[in-house]
file data_34.cif (mmCIF, C-alpha atoms)
data_final
loop_
_atom_site.label_atom_id
_atom_site.label_comp_id
_atom_site.auth_asym_id
_atom_site.auth_seq_id
_atom_site.Cartn_x
_atom_site.Cartn_y
_atom_site.Cartn_z
CA ASP A 1 18.50 -10.93 4.34
CA THR A 2 15.54 -11.03 1.90
CA THR A 3 14.30 -7.47 2.49
CA TYR A 4 14.94 -6.37 -1.11
CA ARG A 5 14.64 -9.82 -2.74
CA LYS A 6 11.25 -11.10 -1.53
CA LEU A 7 8.06 -9.99 -3.28
CA PHE A 8 4.49 -10.16 -2.04
CA VAL A 9 2.09 -11.06 -4.85
CA GLY A 10 -1.59 -10.45 -4.08
CA GLY A 11 -4.81 -10.84 -6.02
CA LEU A 12 -3.90 -14.25 -7.44
CA ALA A 13 -6.51 -16.45 -9.06
CA TRP A 14 -7.65 -19.31 -6.79
CA GLN A 15 -6.19 -21.88 -9.20
CA THR A 16 -2.72 -20.30 -9.41
CA SER A 17 -0.08 -22.85 -8.37
CA ASN A 18 3.46 -22.46 -7.08
CA GLU A 19 4.70 -23.52 -10.52
CA ALA A 20 2.54 -20.94 -12.34
CA LEU A 21 3.88 -18.24 -10.03
CA ARG A 22 7.45 -19.39 -10.71
CA ARG A 23 6.81 -19.56 -14.48
CA TYR A 24 5.68 -15.93 -14.58
CA PHE A 25 8.49 -14.48 -12.43
CA VAL A 26 11.48 -16.56 -13.64
CA GLU A 27 11.93 -14.27 -16.66
CA PHE A 28 13.31 -11.57 -14.33
CA GLY A 29 16.00 -13.70 -12.69
CA GLU A 30 16.85 -16.79 -10.67
CA ILE A 31 14.19 -17.66 -8.10
CA VAL A 32 14.98 -19.16 -4.70
CA GLU A 33 11.34 -19.78 -3.79
CA ALA A 34 7.88 -19.18 -5.27
CA VAL A 35 4.98 -20.16 -3.05
CA VAL A 36 1.21 -19.60 -3.07
CA ILE A 37 -0.25 -19.48 0.45
CA HIS A 38 -3.08 -21.93 1.22
CA ASP A 39 -5.58 -22.17 4.07
CA LYS A 40 -4.45 -24.88 6.52
CA GLN A 41 -7.95 -26.29 7.07
CA THR A 42 -9.42 -26.19 3.56
CA GLY A 43 -6.26 -26.35 1.45
CA ARG A 44 -7.72 -23.59 -0.72
CA SER A 45 -5.50 -20.77 -1.98
CA LYS A 46 -5.71 -17.54 0.00
CA GLY A 47 -5.11 -15.56 -3.19
CA TYR A 48 -1.58 -14.37 -2.43
CA GLY A 49 1.95 -15.67 -2.42
CA PHE A 50 5.63 -14.80 -2.21
CA VAL A 51 8.51 -14.91 -4.67
CA THR A 52 12.08 -14.73 -3.41
CA TYR A 53 14.86 -13.95 -5.87
CA LEU A 54 18.53 -14.80 -5.56
CA ARG A 55 19.51 -11.21 -6.44
CA GLU A 56 18.03 -7.80 -5.61
CA ASP A 57 18.26 -6.55 -9.20
CA ALA A 58 15.98 -9.40 -10.34
CA ALA A 59 13.37 -8.41 -7.74
CA SER A 60 13.67 -4.80 -8.84
CA ALA A 61 13.12 -5.79 -12.47
CA ALA A 62 10.04 -7.84 -11.51
CA LEU A 63 8.61 -4.84 -9.66
CA GLN A 64 8.68 -2.63 -12.76
CA ASN A 65 5.17 -3.96 -13.48
CA LYS A 66 3.24 -3.56 -10.22
CA SER A 67 0.09 -5.15 -11.73
CA PRO A 68 1.07 -8.23 -13.74
CA VAL A 69 -1.51 -10.58 -15.26
CA ILE A 70 -0.92 -14.08 -13.86
CA ASP A 71 -3.24 -16.97 -14.84
CA GLY A 72 -5.57 -14.46 -16.51
CA ARG A 73 -6.02 -12.29 -13.44
CA ARG A 74 -4.44 -8.93 -12.62
CA ALA A 75 -2.32 -9.31 -9.50
CA ASN A 76 -0.42 -6.73 -7.45
CA CYS A 77 3.23 -6.87 -6.42
CA ASN A 78 5.45 -5.08 -3.96
CA LEU A 79 8.34 -5.82 -1.65
CA ALA A 80 7.09 -8.16 1.05
CA ALA A 81 8.99 -6.31 3.78
CA PHE A 82 7.19 -3.04 3.04
CA GLY A 83 3.80 -4.00 1.66
CA THR A 84 2.10 -6.36 4.05
CA ALA A 85 0.18 -5.56 7.22
CA ARG A 86 1.88 -7.33 10.09
CA ARG A 87 0.03 -8.95 12.98
CA ASP A 88 1.93 -7.28 15.79
CA LYS A 89 1.19 -5.07 18.77
CA TRP A 90 0.14 -2.25 16.41
CA SER A 91 -2.43 -4.33 14.49
CA ARG A 92 -6.03 -3.17 14.55
CA GLY A 93 -7.92 -6.44 14.02
CA ARG A 94 -8.37 -7.94 10.55
CA GLY A 95 -6.33 -6.03 8.01
CA GLY A 96 -5.59 -2.38 8.65
CA GLY A 97 -2.58 -3.08 10.85
CA GLY A 98 0.32 -0.75 10.70
CA ILE A 99 2.26 1.93 12.42
CA PRO A 100 0.55 4.14 14.99
CA MET A 101 -0.26 7.56 13.57
CA MET A 102 1.98 9.49 15.94
CA SER A 103 5.01 7.27 15.30
CA PRO A 104 8.04 9.13 13.92
CA ASN A 105 7.99 6.59 11.09
CA TYR A 106 4.45 7.47 10.00
CA PRO A 107 4.55 9.43 6.71
CA SER A 108 4.05 13.08 7.56
CA MET A 109 2.30 13.69 4.23
CA HIS A 110 -0.77 12.13 5.86
CA MET A 111 -0.68 14.68 8.64
CA PRO A 112 -0.82 18.11 6.98
CA MET A 113 -0.84 19.91 10.33
CA MET A 114 2.59 18.50 11.17
CA ASN A 115 4.12 18.72 7.70
CA PRO A 116 6.18 21.85 7.04
CA ASN A 117 5.25 21.66 3.35
CA PHE A 118 1.62 22.46 4.18
CA PRO A 119 0.50 25.82 5.52
CA SER A 120 -0.81 25.92 9.04
CA PRO A 121 -4.38 27.17 9.55
CA MET A 122 -2.91 30.47 10.79
CA GLN A 123 -1.18 30.96 7.41
CA PHE A 124 -4.39 30.38 5.42
CA GLN A 125 -5.21 33.31 3.18
CA PRO A 126 -8.78 33.25 1.86
CA PRO A 127 -9.31 34.12 -1.79
CA PRO A 128 -10.47 37.72 -2.48
CA TYR A 129 -14.08 36.71 -3.20
CA MET A 130 -14.37 35.54 0.42
CA MET A 131 -13.26 38.84 1.89
CA GLY A 132 -15.81 41.36 3.09
CA PRO A 133 -15.28 44.91 4.42
CA GLY A 134 -14.43 43.72 7.94
CA GLY A 135 -12.58 40.53 7.09
CA MET A 136 -14.08 37.26 6.00
CA ALA A 137 -17.55 37.62 4.51
CA PRO A 138 -20.30 35.18 5.47
CA PRO A 139 -21.16 32.54 2.88
CA PRO A 140 -23.60 33.82 0.22
CA PHE A 141 -26.52 31.78 1.58
CA MET A 142 -26.16 33.58 4.94
CA ALA A 143 -25.61 37.09 3.55
CA GLY A 144 -29.26 38.10 4.01
CA GLY A 145 -29.38 37.02 7.65
CA ALA A 146 -31.13 34.10 9.22
CA PRO A 147 -34.26 32.79 7.48
CA ARG A 148 -37.53 33.91 9.06
CA GLY A 149 -40.25 31.64 10.16
#

call {"tool": "encode", "arguments": {"input": "data_34.cif", "output": "structure tokens"}}
result
Amino acid sequence: DTTYRKLFVGGLAWQTSNEALRRYFVEFGEIVEAVVIHDKQTGRSKGYGFVTYLREDAASAALQNKSPVIDGRRANCNLAAFGTARRDKWSRGRGGGGIPMMSPNYPSMHMPMMNPNFPSPMQFQPPPYMMGPGGMAPPPFMAGGAPRG
């Protein structure tokens, strides 16, 4: 299982080769595979690749720098199993795939209304400057009533 050993490397320079990718990442440990992905029709690099390590601790060491400079260009790295949009039944066209928002696996921090760490609208307490004699005061621009013709 390569879940914690395979890295996704994005933002590569067009000229970056498999060997250049291997040269950069070999300092962290023994590499099983280092490959830059190319377009099947044109043969041109797609600007990303994958590096698979023999051991998880080597992959972890390589991930300490999430933005390495490879072939003079700043790339981005993360675990391939967790950082790439998959083309599956949840995909939404080009890019932007992912987990449906109401999935139990969707991070609740993105849904404040369902996160117990955020107050619900009913728990909102306005600051004192917003309070008027009968509760919430209207915004200052409305305090004088509606504008007249």

call {"tool": "closest_residue", "arguments": {"input": "data_34.cif", "among": "A:Ala62, A:Cys77, A:Val9, A:Leu54", "to": "A:Glu30", "atoms": "all atoms listed in the file"}}
result
A:Leu54

call {"tool": "residues_around", "arguments": {"input": "data_34.cif", "residues": "A:Thr52", "least_positions_apart": "2", "cutoff": "10 Å", "atoms": "only C-alpha atoms", "output": "ChimeraX atom specification"}}
result
/A:2-8,22,25,30-35,50,54-56,58-59,79-80

call {"tool": "atom_distance", "arguments": {"input": "data_34.cif", "atom1": "atom CA of A:Phe28", "atom2": "atom CA of A:Ser45"}}
result
24.3 Å

call {"tool": "atom_distance", "arguments": {"input": "data_34.cif", "atom1": "atom CA of A:Gln15", "atom2": "atom CA of A:Asp71"}}
result
8.0 Å

call {"tool": "residues_around", "arguments": {"input": "data_34.cif", "residues": "A:Lys66", "least_positions_apart": "5", "cutoff": "9 Å", "atoms": "only C-alpha atoms", "output": "PyMOL selection string"}}
result
chain A and resi 75-78
